[in-house]
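**Student:** Handing over data.tsv, TSV, C-alpha atoms and all ligand atoms.
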```
chain	number	residue	atom	x	y	z
Q	827	MET	CA	-18.74	7.14	-25.81
Q	828	VAL	CA	-19.08	8.38	-22.18
Q	829	GLU	CA	-17.28	5.22	-21.11
Q	830	THR	CA	-14.44	5.98	-23.55
Q	831	VAL	CA	-14.01	9.51	-22.17
Q	832	LEU	CA	-14.00	8.31	-18.55
Q	833	GLU	CA	-11.52	5.57	-19.39
Q	834	TYR	CA	-9.28	8.08	-21.16
Q	835	LEU	CA	-9.19	10.24	-18.01
Q	836	ARG	CA	-8.59	7.22	-15.80
Q	837	LYS	CA	-5.57	6.22	-17.89
Q	838	LYS	CA	-4.19	9.73	-17.37
Q	839	GLY	CA	-4.51	9.13	-13.62
Q	840	TYR	CA	-7.81	10.96	-13.04
Q	841	PRO	CA	-10.82	8.91	-11.89
Q	842	ALA	CA	-13.98	10.67	-13.06
Q	843	ARG	CA	-17.77	10.44	-13.36
Q	844	ILE	CA	-20.39	12.22	-15.42
Q	845	VAL	CA	-23.83	13.39	-14.28
Q	846	SER	CA	-26.63	15.27	-15.97
Q	847	VAL	CA	-26.88	19.02	-15.25
Q	848	GLY	CA	-30.49	18.33	-14.25
Q	849	HIS	CA	-29.19	17.17	-10.85
Q	850	LEU	CA	-28.00	20.64	-9.95
Q	851	LYS	CA	-31.51	21.63	-8.96
Q	852	GLU	CA	-31.70	18.63	-6.61
Q	853	VAL	CA	-28.38	19.58	-5.02
Q	854	GLN	CA	-29.61	23.12	-4.53
Q	855	GLU	CA	-32.84	21.87	-2.94
Q	856	GLU	CA	-30.85	19.54	-0.69
Q	857	ILE	CA	-28.89	22.49	0.69
Q	858	GLU	CA	-32.06	24.51	1.20
Q	859	LYS	CA	-33.64	21.61	3.11
Q	860	LEU	CA	-30.62	21.39	5.42
Q	861	ASN	CA	-30.97	25.08	6.08
Q	862	GLU	CA	-34.72	24.83	6.72
Q	863	ALA	CA	-34.07	21.98	9.16
Q	864	ARG	CA	-31.67	24.35	10.95
Q	865	TYR	CA	-28.66	22.12	10.32
Q	866	LEU	CA	-26.62	25.02	9.02
Q	867	ASP	CA	-25.22	27.88	11.02
Q	868	GLN	CA	-26.56	31.04	9.38
Q	869	SER	CA	-23.15	32.61	8.72
Q	870	MET	CA	-21.98	29.37	7.08
Q	871	TYR	CA	-25.18	29.16	5.05
Q	872	LYS	CA	-24.64	32.71	3.81
Q	873	LEU	CA	-21.02	31.95	2.86
Q	874	PHE	CA	-22.14	28.80	1.09
Q	875	LYS	CA	-24.95	30.58	-0.75
Q	876	ASP	CA	-22.78	33.54	-1.77
Q	877	PHE	CA	-20.01	31.28	-3.02
Q	878	HIS	CA	-21.93	28.77	-5.09
Q	879	ASN	CA	-23.36	29.48	-8.50
Q	880	PHE	CA	-25.87	26.98	-9.86
Q	881	SER	CA	-26.77	28.79	-13.05
Q	882	ILE	CA	-25.92	26.77	-16.12
Q	883	PRO	CA	-23.75	28.72	-18.57
Q	884	ALA	CA	-24.61	29.39	-22.23
Q	885	SER	CA	-21.22	28.03	-23.27
Q	886	PRO	CA	-20.45	25.26	-24.02
Q	887	ASP	CA	-23.55	25.35	-26.16
Q	888	GLN	CA	-26.39	24.18	-23.90
Q	889	ALA	CA	-24.33	22.44	-21.20
Q	890	LYS	CA	-25.90	19.04	-20.67
Q	891	SER	CA	-23.55	17.30	-18.29
Q	892	ILE	CA	-21.00	17.76	-15.55
Q	893	PHE	CA	-17.74	15.87	-15.41
Q	894	ILE	CA	-16.46	15.53	-11.87
Q	895	VAL	CA	-12.79	14.56	-11.83
Q	896	ALA	CA	-10.37	13.59	-9.03
Q	897	SER	CA	-6.63	14.25	-9.18
Q	898	PRO	CA	-4.07	13.31	-6.53
Q	899	SER	CA	-3.13	16.25	-4.35
Q	900	PRO	CA	-0.41	16.02	-1.70
Q	901	VAL	CA	0.04	17.80	1.60
Q	902	VAL	CA	2.41	20.69	0.93
Q	903	LYS	CA	5.26	21.81	3.18
Q	904	ILE	CA	6.68	25.35	3.20
Q	905	ASN	CA	9.71	26.36	5.26
Q	906	PHE	CA	9.52	29.74	6.94
Q	907	ASN	CA	12.67	31.14	8.56
Q	908	HIS	CA	12.48	33.31	11.66
Q	909	GLU	CA	15.07	34.44	14.22
Q	910	GLY	CA	17.60	31.84	13.10
Q	911	MET	CA	15.16	28.92	13.13
Q	912	SER	CA	13.38	27.06	10.37
Q	913	PHE	CA	9.63	26.45	10.74
Q	914	PRO	CA	8.22	23.85	8.35
Q	915	VAL	CA	4.47	24.41	8.04
Q	916	LEU	CA	1.88	22.30	6.26
Q	917	ILE	CA	-0.91	23.15	3.85
Q	918	PRO	CA	-3.62	20.49	3.33
Q	919	PRO	CA	-4.27	18.95	-0.09
Q	920	THR	CA	-6.09	20.97	-2.79
Q	921	TYR	CA	-5.13	24.54	-1.78
Q	922	THR	CA	-2.00	24.93	-3.88
Q	923	GLU	CA	-3.38	23.08	-6.91
Q	924	TYR	CA	-6.83	24.59	-7.10
Q	925	TYR	CA	-6.25	26.53	-10.33
Q	926	LYS	CA	-3.32	24.82	-12.06
Q	927	LYS	CA	-4.34	21.18	-12.00
Q	928	PRO	CA	-7.87	21.63	-13.44
Q	929	GLU	CA	-6.37	23.43	-16.44
Q	930	GLU	CA	-4.27	20.34	-17.18
Q	931	ILE	CA	-7.30	18.08	-16.75
Q	932	LYS	CA	-9.40	20.33	-19.00
Q	933	GLN	CA	-6.83	19.92	-21.78
Q	934	TYR	CA	-7.01	16.12	-21.54
Q	935	LEU	CA	-10.78	16.19	-21.34
Q	936	ASN	CA	-11.08	18.40	-24.41
Q	937	GLU	CA	-8.52	16.32	-26.32
Q	938	ILE	CA	-10.91	13.38	-26.22
Q	939	LEU	CA	-14.21	15.31	-26.28
Q	940	GLU	CA	-13.26	17.43	-29.29
Q	941	SER	CA	-12.45	14.32	-31.28
Q	942	TYR	CA	-16.19	13.53	-30.95
Q	943	GLY	CA	-17.31	17.14	-31.58
Q	944	TYR	CA	-17.93	18.08	-27.93
Q	945	ASN	CA	-16.34	20.47	-25.48
Q	946	ALA	CA	-15.88	21.15	-21.73
Q	947	VAL	CA	-15.24	24.24	-19.60
Q	948	ARG	CA	-14.16	24.34	-15.96
Q	949	VAL	CA	-16.68	25.44	-13.36
Q	950	THR	CA	-15.42	26.57	-9.96
Q	951	ARG	CA	-18.46	27.46	-7.91
Q	952	LEU	CA	-20.30	24.18	-7.59
Q	953	PRO	CA	-20.43	21.98	-4.46
Q	954	GLU	CA	-17.96	19.47	-5.94
Q	955	LYS	CA	-17.94	17.16	-2.90
Q	956	LEU	CA	-21.72	16.72	-2.96
Q	957	ILE	CA	-21.69	15.99	-6.69
Q	958	ALA	CA	-18.75	13.58	-6.36
Q	959	VAL	CA	-20.50	11.58	-3.62
Q	960	HIS	CA	-23.85	11.48	-5.43
Q	961	SER	CA	-22.06	10.38	-8.62
Q	962	GLY	CA	-20.34	7.46	-6.88
Q	963	LEU	CA	-16.86	8.89	-7.45
Q	964	ALA	CA	-16.23	9.58	-3.76
Q	965	GLU	CA	-17.60	8.74	-0.33
Q	966	TYR	CA	-18.07	11.01	2.65
Q	967	GLY	CA	-16.14	10.42	5.86
Q	968	ALA	CA	-17.62	11.29	9.25
Q	969	ASN	CA	-15.43	14.41	9.04
Q	970	ASN	CA	-17.33	15.48	5.87
Q	971	ILE	CA	-14.09	15.16	3.91
Q	972	THR	CA	-14.45	13.01	0.80
Q	973	TYR	CA	-12.47	9.83	0.10
Q	974	ILE	CA	-11.75	7.69	-2.92
Q	975	PRO	CA	-9.94	4.35	-2.85
Q	976	GLU	CA	-6.97	5.50	-4.97
Q	977	PHE	CA	-6.05	8.62	-3.00
Q	978	GLY	CA	-7.72	8.50	0.42
Q	979	SER	CA	-8.67	12.12	1.07
Q	980	PHE	CA	-5.57	13.51	-0.62
Q	981	PHE	CA	-7.13	14.64	-3.86
Q	982	LEU	CA	-8.62	17.62	-5.61
Q	983	LEU	CA	-12.06	17.61	-7.22
Q	984	SER	CA	-12.56	19.60	-10.41
Q	985	ALA	CA	-15.88	20.06	-12.20
Q	986	PHE	CA	-16.46	20.76	-15.88
Q	987	TYR	CA	-19.61	21.59	-17.80
Q	988	SER	CA	-19.91	19.81	-21.13
Q	989	ASP	CA	-22.31	19.70	-24.05
Q	990	LEU	CA	-21.92	15.91	-24.15
Q	991	PRO	CA	-25.37	14.44	-23.36
Q	992	CYS	CA	-25.58	12.19	-20.30
Q	993	THR	CA	-28.30	9.53	-20.25
Q	994	ASP	CA	-29.55	7.54	-17.26
Q	995	THR	CA	-27.27	4.65	-18.21
Q	996	ASP	CA	-24.20	6.90	-18.26
Q	997	GLU	CA	-24.59	8.12	-14.70
Q	998	THR	CA	-25.09	7.04	-11.13
Q	999	TRP	CA	-26.88	9.26	-8.61
Q	1000	ASN	CA	-26.50	7.74	-5.15
Q	1001	LYS	CA	-28.01	8.88	-1.88
Q	1002	LEU	CA	-25.62	10.68	0.43
Q	1003	ARG	CA	-24.04	8.47	3.06
Q	1004	VAL	CA	-20.81	8.09	5.00
Q	1005	MET	CA	-18.25	5.31	4.47
Q	1006	ASP	CA	-19.02	1.97	6.12
Q	1007	ARG	CA	-15.63	2.20	7.83
Q	1008	CYS	CA	-16.78	5.25	9.81
Q	1009	LYS	CA	-19.45	3.22	11.63
Q	1010	ASN	CA	-16.83	1.60	13.87
Q	1011	CYS	CA	-14.26	4.36	13.94
Q	1012	ARG	CA	-14.21	7.51	16.03
Q	1013	VAL	CA	-10.66	8.66	15.27
Q	1014	CYS	CA	-11.54	11.96	13.60
Q	1015	ILE	CA	-14.12	12.76	16.28
Q	1016	SER	CA	-11.53	12.29	19.00
Q	1017	LYS	CA	-8.80	14.22	17.15
Q	1018	CYS	CA	-10.82	17.26	16.10
Q	1019	PRO	CA	-9.54	20.08	18.33
Q	1020	THR	CA	-12.76	22.11	18.20
Q	1021	ALA	CA	-15.43	19.40	18.59
Q	1022	ALA	CA	-16.72	20.22	15.12
Q	1023	ILE	CA	-17.38	16.53	14.33
Q	1024	THR	CA	-20.12	14.88	16.36
Q	1025	GLU	CA	-21.68	11.44	16.46
Q	1026	GLU	CA	-25.22	12.76	16.46
Q	1027	ARG	CA	-25.33	14.20	12.98
Q	1028	PHE	CA	-23.94	13.68	9.51
Q	1029	LEU	CA	-22.95	17.31	8.97
Q	1030	ILE	CA	-20.00	18.61	10.92
Q	1031	LYS	CA	-20.52	21.88	12.77
Q	1032	ALA	CA	-18.71	23.88	10.11
Q	1033	GLU	CA	-18.98	27.02	12.20
Q	1034	ARG	CA	-16.62	25.35	14.72
Q	1035	CYS	CA	-14.12	24.09	12.13
Q	1036	LEU	CA	-10.68	25.75	12.22
Q	1037	THR	CA	-10.90	26.32	8.48
Q	1038	TYR	CA	-13.70	28.81	9.06
Q	1039	TYR	CA	-11.42	30.95	11.23
Q	1040	ASN	CA	-8.08	30.69	9.45
Q	1041	GLU	CA	-9.18	30.85	5.84
Q	1042	PHE	CA	-12.38	32.81	5.12
Q	1043	LYS	CA	-12.10	36.56	4.79
Q	1044	GLY	CA	-14.10	38.49	7.36
Q	1045	THR	CA	-14.26	35.70	9.96
Q	1046	PRO	CA	-12.98	36.46	13.48
Q	1047	GLU	CA	-9.32	35.56	13.95
Q	1048	PHE	CA	-8.93	32.80	16.53
Q	1049	PRO	CA	-11.76	33.30	19.02
Q	1050	GLY	CA	-10.77	32.64	22.65
Q	1051	TRP	CA	-12.48	29.23	22.79
Q	1052	ILE	CA	-10.01	27.83	20.22
Q	1053	ARG	CA	-6.88	26.68	22.05
Q	1054	PRO	CA	-3.73	28.12	20.44
Q	1055	GLU	CA	-2.17	24.65	20.12
Q	1056	SER	CA	-5.11	23.58	17.93
Q	1057	HIS	CA	-3.67	25.36	14.92
Q	1058	ASN	CA	-1.69	23.01	12.78
Q	1059	CYS	CA	-1.58	24.35	9.22
Q	1060	LEU	CA	-0.80	27.62	7.48
Q	1061	VAL	CA	-4.41	27.59	6.26
Q	1062	GLY	CA	-7.03	24.92	6.91
Q	1063	CYS	CA	-6.50	21.96	9.23
Q	1064	LEU	CA	-5.26	18.38	8.91
Q	1065	ARG	CA	-6.18	16.99	12.33
Q	1066	CYS	CA	-9.03	14.83	11.05
Q	1067	GLN	CA	-7.26	13.65	7.90
Q	1068	LEU	CA	-3.77	12.61	9.02
Q	1069	PRO	CA	-4.85	9.98	11.59
Q	1070	CYS	CA	-7.75	8.65	9.49
Q	1071	PRO	CA	-7.17	4.92	8.76
Q	1072	GLN	CA	-8.51	5.50	5.27
Q	1073	ASN	CA	-5.41	7.59	4.57
Q	1074	ARG	CA	-2.86	4.89	5.42
Q	1075	GLY	CA	-0.43	4.72	2.54
Q	1076	GLN	CA	-0.96	8.37	1.62
Q	1077	LEU	CA	0.95	10.07	4.43
Q	1078	ASP	CA	4.38	10.00	2.80
Q	1079	LYS	CA	3.06	12.16	-0.04
Q	1080	VAL	CA	4.25	15.46	1.39
Q	1081	GLU	CA	5.66	17.81	-1.20
Q	1082	GLU	CA	8.12	20.52	-0.15
Q	1083	LEU	CA	7.31	23.51	-2.30
Q	1084	ALA	CA	8.95	26.69	-1.03
Q	1085	GLU	CA	11.48	28.35	1.23
Q	1086	ILE	CA	10.48	31.72	2.69
Q	1087	ASP	CA	13.60	33.49	4.00
Q	1088	GLU	CA	13.98	35.54	7.21
Q	1089	THR	CA	13.24	38.90	5.56
Q	1090	GLU	CA	10.20	37.56	3.73
Q	1091	THR	CA	8.85	35.86	6.85
Q	1092	SER	CA	9.22	39.11	8.84
Q	1093	LEU	CA	7.33	41.08	6.20
Q	1094	ILE	CA	4.41	38.65	6.44
Q	1095	LEU	CA	4.44	38.70	10.25
Q	1096	GLU	CA	4.49	42.51	10.21
Q	1097	LYS	CA	1.23	42.34	8.20
Q	1098	LEU	CA	2.58	44.40	5.36
Q	1099	GLU	CA	-0.21	44.94	2.81
Q	1100	PHE	CA	-0.03	42.34	0.05
Q	1101	GLU	CA	0.45	45.08	-2.58
Q	1102	GLU	CA	3.51	46.34	-0.67
Q	1103	LEU	CA	5.32	42.99	-0.58
Q	1104	PRO	CA	8.43	42.63	-2.74
Q	1105	PRO	CA	7.32	41.28	-6.13
Q	1106	SER	CA	9.37	38.10	-5.65
Q	1107	LEU	CA	7.55	37.25	-2.39
Q	1108	ALA	CA	4.14	38.17	-3.82
Q	1109	ALA	CA	4.90	35.91	-6.80
Q	1110	LYS	CA	5.87	33.03	-4.48
Q	1111	LEU	CA	2.59	33.33	-2.54
Q	1112	GLU	CA	0.61	33.59	-5.75
Q	1113	ASP	CA	2.37	30.59	-7.21
Q	1114	LEU	CA	1.47	28.61	-4.09
Q	1115	ASN	CA	-2.10	29.92	-4.42
Q	1116	ILE	CA	-2.07	31.23	-0.83
Q	1117	SER	CA	-2.15	34.94	-1.69
Q	1118	MET	CA	-5.95	34.74	-1.48
Q	1119	TYR	CA	-5.59	33.89	2.23
Q	1120	TYR	CA	-3.12	36.67	2.92
Q	1121	HIS	CA	-5.68	38.39	5.20
Q	1122	HIS	CA	-5.19	35.57	7.79
Q	1123	LEU	CA	-1.61	34.53	6.97
Q	1124	ALA	CA	0.27	36.63	9.57
Q	1125	THR	CA	-1.99	35.47	12.44
Q	1126	ASN	CA	-1.88	31.84	11.33
Q	1127	LEU	CA	1.88	31.84	10.89
Q	1128	LYS	CA	2.47	33.58	14.22
Q	1129	ALA	CA	0.41	30.92	16.01
Q	1130	LEU	CA	2.48	28.13	14.42
Q	1131	ILE	CA	5.81	29.83	15.13
Q	1132	THR	CA	4.84	30.50	18.77
Q	1133	GLN	CA	3.89	26.84	19.26
Q	1134	ASN	CA	7.17	25.58	17.85
Q	1135	SER	CA	9.63	28.13	19.29
Q	1201	LIG	S1	-11.18	8.83	10.98
Q	1201	LIG	FE1	-12.57	7.06	10.99
Q	1201	LIG	S2	-14.60	7.96	11.29
Q	1201	LIG	FE2	-13.26	9.60	10.64
Q	1201	LIG	S3	-13.45	9.69	8.41
Q	1201	LIG	FE3	-11.72	8.37	8.84
Q	1201	LIG	S4	-12.59	6.30	8.88
Q	1201	LIG	FE4	-14.29	7.73	9.08
Q	1202	LIG	S1	-10.65	20.27	9.67
Q	1202	LIG	FE1	-9.88	20.39	11.79
Q	1202	LIG	S2	-11.35	21.63	12.93
Q	1202	LIG	FE2	-12.31	21.02	10.98
Q	1202	LIG	S3	-13.44	19.17	11.46
Q	1202	LIG	FE3	-11.43	18.48	10.76
Q	1202	LIG	S4	-10.19	18.35	12.63
Q	1202	LIG	FE4	-12.02	19.52	13.15
```
Represent the structure contained in this file as structure tokens.
**Tutor:**
Amino acid sequence: MVETVLEYLRKKGYPARIVSVGHLKEVQEEIEKLNEARYLDQSMYKLFKDFHNFSIPASPDQAKSIFIVASPSPVVKINFNHEGMSFPVLIPPTYTEYYKKPEEIKQYLNEILESYGYNAVRVTRLPEKLIAVHSGLAEYGANNITYIPEFGSFFLLSAFYSDLPCTDTDETWNKLRVMDRCKNCRVCISKCPTAAITEERFLIKAERCLTYYNEFKGTPEFPGWIRPESHNCLVGCLRCQLPCPQNRGQLDKVEELAEIDETETSLILEKLEFEELPPSLAAKLEDLNISMYYHHLATNLKALITQNS
């Protein structure tokens, strides 16, 4: 029955795995051990701890398993217009699809589960990458991004709690490791503009990653040690994904999603409060799912425009 559900999702274009909810405790302990071994910067650890929620919900009735599902997710391009010039800027995979795509997957998942009397609900605050790698769905790269054969690193992971039981024969629970290919490749290490990826350890230094500074609320905007030309995306960073040999064949999947006109671009650069934006612009940013990063958007955009003027 588990096999039938996974096959159903695969036919829809979504590779997936199932694991027992019992593994959540192990994942939690794993994170605590990394912290105790002082592998985690304390501000990152706090962010991680505050964000994740490992408590198992009461609904669906006594959740027994977690489905972890991959869906293709392209790089997105948005054109900003400023002082007579057009500035195409990129957003890495997953950002714009984080809410919409899982809803579609949940419908498919429930279509098949409900025919057997089971159910699934989406869960957003789990460490999806860790679960995907343990489950055998994905592999870690040296850049701590996850990869699967079908999509390289250009995919979104969605997790769902289900009341469908998961036995030992239904699941795989692998040890964490990086892809074999990374052993003889240093491309992402050499391309990372902030030296966040090192050879000495499996975990990147997340507190040096650009994402930490251009995405999370409350983090300092562009400390002096980050060179201005390092910034390459409206939010997040693609420097360790685009040149990765594992992503060959994926790079043409750039989707152009929006045009932001001169007036709209100026309003963002002027740091107008989000609530004061014209409703049409606010709706565009919400539709792209970047309104949640509005606190850093003006600074990020300014850096990209300055570089390309
Ligand atoms: S660039 Fe090379 S080392 Fe880095 S994740 Fe890709 S294959 Fe691994
Ligand atoms: S996302 Fe950018 S800053 Fe972060 S590790 Fe990759 S290349 Fe380095």
**Student:** Can I get the residues close to ligand LIG 1202 (chain Q) as JSON, numbers by chain, where close means within 9 Å and we count only C-alpha atoms and all ligand atoms?
**Tutor:** {"Q": [969, 970, 971, 1014, 1015, 1016, 1017, 1018, 1019, 1020, 1021, 1022, 1023, 1030, 1031, 1032, 1034, 1035, 1036, 1037, 1038, 1056, 1057, 1058, 1062, 1063, 1064, 1065, 1066, 1067]}
**Student:** Quick one: write out the picked residues with C-alpha atoms as a JSON list (two decimals), in the frame of the given file?
**Tutor:**
```
[["chain", "number", "residue", "atom", "x", "y", "z"],
["Q", 969, "ASN", "CA", -15.43, 14.41, 9.04],
["Q", 970, "ASN", "CA", -17.33, 15.48, 5.87],
["Q", 971, "ILE", "CA", -14.09, 15.16, 3.91],
["Q", 1014, "CYS", "CA", -11.54, 11.96, 13.60],
["Q", 1015, "ILE", "CA", -14.12, 12.76, 16.28],
["Q", 1016, "SER", "CA", -11.53, 12.29, 19.00],
["Q", 1017, "LYS", "CA", -8.80, 14.22, 17.15],
["Q", 1018, "CYS", "CA", -10.82, 17.26, 16.10],
["Q", 1019, "PRO", "CA", -9.54, 20.08, 18.33],
["Q", 1020, "THR", "CA", -12.76, 22.11, 18.20],
["Q", 1021, "ALA", "CA", -15.43, 19.40, 18.59],
["Q", 1022, "ALA", "CA", -16.72, 20.22, 15.12],
["Q", 1023, "ILE", "CA", -17.38, 16.53, 14.33],
["Q", 1030, "ILE", "CA", -20.00, 18.61, 10.92],
["Q", 1031, "LYS", "CA", -20.52, 21.88, 12.77],
["Q", 1032, "ALA", "CA", -18.71, 23.88, 10.11],
["Q", 1034, "ARG", "CA", -16.62, 25.35, 14.72],
["Q", 1035, "CYS", "CA", -14.12, 24.09, 12.13],
["Q", 1036, "LEU", "CA", -10.68, 25.75, 12.22],
["Q", 1037, "THR", "CA", -10.90, 26.32, 8.48],
["Q", 1038, "TYR", "CA", -13.70, 28.81, 9.06],
["Q", 1056, "SER", "CA", -5.11, 23.58, 17.93],
["Q", 1057, "HIS", "CA", -3.67, 25.36, 14.92],
["Q", 1058, "ASN", "CA", -1.69, 23.01, 12.78],
["Q", 1062, "GLY", "CA", -7.03, 24.92, 6.91],
["Q", 1063, "CYS", "CA", -6.50, 21.96, 9.23],
["Q", 1064, "LEU", "CA", -5.26, 18.38, 8.91],
["Q", 1065, "ARG", "CA", -6.18, 16.99, 12.33],
["Q", 1066, "CYS", "CA", -9.03, 14.83, 11.05],
["Q", 1067, "GLN", "CA", -7.26, 13.65, 7.90]]
```
**Student:** The centre and edge lengths of an axis-aligned box containing all atoms of region 1120-1131 of chain Q present in the file, extended by 8 Å on each side, are to be given in Å to one decimal, as AutoDock Vina command-line options.
**Tutor:**
```
--center_x 0.1 --center_y 33.3 --center_z 9.5 --size_x 27.5 --size_y 26.3 --size_z 29.1
```
**Student:** May I have the residues within 6 Å of ligand LIG 1201 (chain Q), computed using all atoms listed in the file, as an MDAnalysis selection string?
**Tutor:** chainID Q and resid 967:969 1007:1008 1011:1014 1070:1072
**Student:** Extract, using all atoms listed in the file, all DNA, RNA and protein residues at most 12 Å from Ser1106 (chain Q), discarding same-chain residues fewer than 5 positions from it, and format them as a list in words.
**Tutor:**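 Non-adjacent residues within range: Ile1086, Asp1087, Thr1089, Glu1090, Phe1100, Glu1101, Leu1111, Glu1112 and Asp1113 of chain Q.
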**Student:** Write the residues of the selection above to a file with C-alpha atoms, as a PDB file, in the frame of the given file.
**Tutor:**
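Listed below is the output, part_34.pdb:
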```pdb
ATOM      1  CA  ILE Q1086      10.480  31.720   2.690  1.00  0.00           C
ATOM      2  CA  ASP Q1087      13.600  33.490   4.000  1.00  0.00           C
ATOM      3  CA  THR Q1089      13.240  38.900   5.560  1.00  0.00           C
ATOM      4  CA  GLU Q1090      10.200  37.560   3.730  1.00  0.00           C
ATOM      5  CA  PHE Q1100      -0.030  42.340   0.050  1.00  0.00           C
ATOM      6  CA  GLU Q1101       0.450  45.080  -2.580  1.00  0.00           C
ATOM      7  CA  LEU Q1111       2.590  33.330  -2.540  1.00  0.00           C
ATOM      8  CA  GLU Q1112       0.610  33.590  -5.750  1.00  0.00           C
ATOM      9  CA  ASP Q1113       2.370  30.590  -7.210  1.00  0.00           C
TER      10      ASP Q1113
END
```
**Student:** Looking at all atoms listed in the file, which of Q:Ala1109, Q:Leu832, Q:Leu1093, Q:Leu982 is the one that sits closest to Tyr924 (chain Q)?
**Tutor:**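 Distance minimum relative to Tyr924 (chain Q) lands on Q:Leu982.
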**Student:** Between CA of Glu1033 (chain Q) and CA of Asn1126 (chain Q), what distance in Å does the model show, to one decimal?
**Tutor:**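 Calculated distance between CA of Glu1033 (chain Q) and CA of Asn1126 (chain Q) is 17.8 Å.
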**Student:** Env of Asp996 (chain Q): 12 Å cut, atoms = all atoms listed in the file, seq-sep filter 5 positions within chain, self excluded. Answer as number ranges by chain.
**Tutor:** Q: 827-832, 843-846, 891-893, 961, 990-991
**Student:** One number please: CA of Asp1078 (chain Q) to CA of Ser1135 (chain Q), in Å, one decimal.
**Tutor:** 25.1 Å
**Student:** Can you work out the spacing between CA of Pro841 (chain Q) and CA of Gly962 (chain Q) in Å, to one decimal?
**Tutor:** 10.9 Å
**Student:** Save region 977-982 of chain Q to disk from that block, all heavy atoms included, as an mmCIF file, in the first residue's frame.
**Tutor:**
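Resulting contents of decode_20.cif:
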```
data_model
loop_
_atom_site.group_PDB
_atom_site.id
_atom_site.type_symbol
_atom_site.label_atom_id
_atom_site.label_comp_id
_atom_site.auth_asym_id
_atom_site.auth_seq_id
_atom_site.Cartn_x
_atom_site.Cartn_y
_atom_site.Cartn_z
ATOM 1 N N PHE Q 977 16.260 16.182 -10.446
ATOM 2 C CA PHE Q 977 16.181 17.652 -10.475
ATOM 3 C C PHE Q 977 17.463 18.361 -10.074
ATOM 4 O O PHE Q 977 17.452 19.591 -9.960
ATOM 5 C CB PHE Q 977 15.064 18.135 -9.523
ATOM 6 C CG PHE Q 977 13.735 17.437 -9.683
ATOM 7 C CD1 PHE Q 977 13.031 16.976 -8.569
ATOM 8 C CD2 PHE Q 977 13.157 17.243 -10.937
ATOM 9 C CE1 PHE Q 977 11.801 16.334 -8.696
ATOM 10 C CE2 PHE Q 977 11.934 16.603 -11.074
ATOM 11 C CZ PHE Q 977 11.258 16.146 -9.962
ATOM 12 N N GLY Q 978 18.566 17.637 -9.836
ATOM 13 C CA GLY Q 978 19.735 18.322 -9.272
ATOM 14 C C GLY Q 978 19.322 18.931 -7.937
ATOM 15 O O GLY Q 978 18.643 18.297 -7.122
ATOM 16 N N SER Q 979 19.677 20.215 -7.750
ATOM 17 C CA SER Q 979 19.258 20.875 -6.493
ATOM 18 C C SER Q 979 18.056 21.786 -6.712
ATOM 19 O O SER Q 979 17.673 22.528 -5.816
ATOM 20 C CB SER Q 979 20.420 21.701 -5.913
ATOM 21 O OG SER Q 979 20.763 22.748 -6.797
ATOM 22 N N PHE Q 980 17.481 21.721 -7.922
ATOM 23 C CA PHE Q 980 16.381 22.629 -8.238
ATOM 24 C C PHE Q 980 15.040 21.981 -7.895
ATOM 25 O O PHE Q 980 14.255 21.600 -8.778
ATOM 26 C CB PHE Q 980 16.420 23.020 -9.718
ATOM 27 C CG PHE Q 980 17.597 23.889 -10.080
ATOM 28 C CD1 PHE Q 980 18.541 24.235 -9.126
ATOM 29 C CD2 PHE Q 980 17.751 24.370 -11.362
ATOM 30 C CE1 PHE Q 980 19.630 25.033 -9.459
ATOM 31 C CE2 PHE Q 980 18.825 25.171 -11.696
ATOM 32 C CZ PHE Q 980 19.771 25.498 -10.745
ATOM 33 N N PHE Q 981 14.804 21.838 -6.619
ATOM 34 C CA PHE Q 981 13.532 21.240 -6.204
ATOM 35 C C PHE Q 981 13.133 21.745 -4.817
ATOM 36 O O PHE Q 981 13.944 22.292 -4.068
ATOM 37 C CB PHE Q 981 13.617 19.702 -6.209
ATOM 38 C CG PHE Q 981 14.578 19.127 -5.215
ATOM 39 C CD1 PHE Q 981 14.142 18.701 -3.977
ATOM 40 C CD2 PHE Q 981 15.923 19.014 -5.512
ATOM 41 C CE1 PHE Q 981 15.023 18.171 -3.049
ATOM 42 C CE2 PHE Q 981 16.819 18.483 -4.580
ATOM 43 C CZ PHE Q 981 16.368 18.058 -3.351
ATOM 44 N N LEU Q 982 11.861 21.562 -4.549
ATOM 45 C CA LEU Q 982 11.305 21.949 -3.251
ATOM 46 C C LEU Q 982 10.969 20.678 -2.481
ATOM 47 O O LEU Q 982 10.458 19.722 -3.076
ATOM 48 C CB LEU Q 982 10.020 22.764 -3.481
ATOM 49 C CG LEU Q 982 9.158 23.080 -2.263
ATOM 50 C CD1 LEU Q 982 9.844 24.123 -1.378
ATOM 51 C CD2 LEU Q 982 7.789 23.624 -2.700
#
```
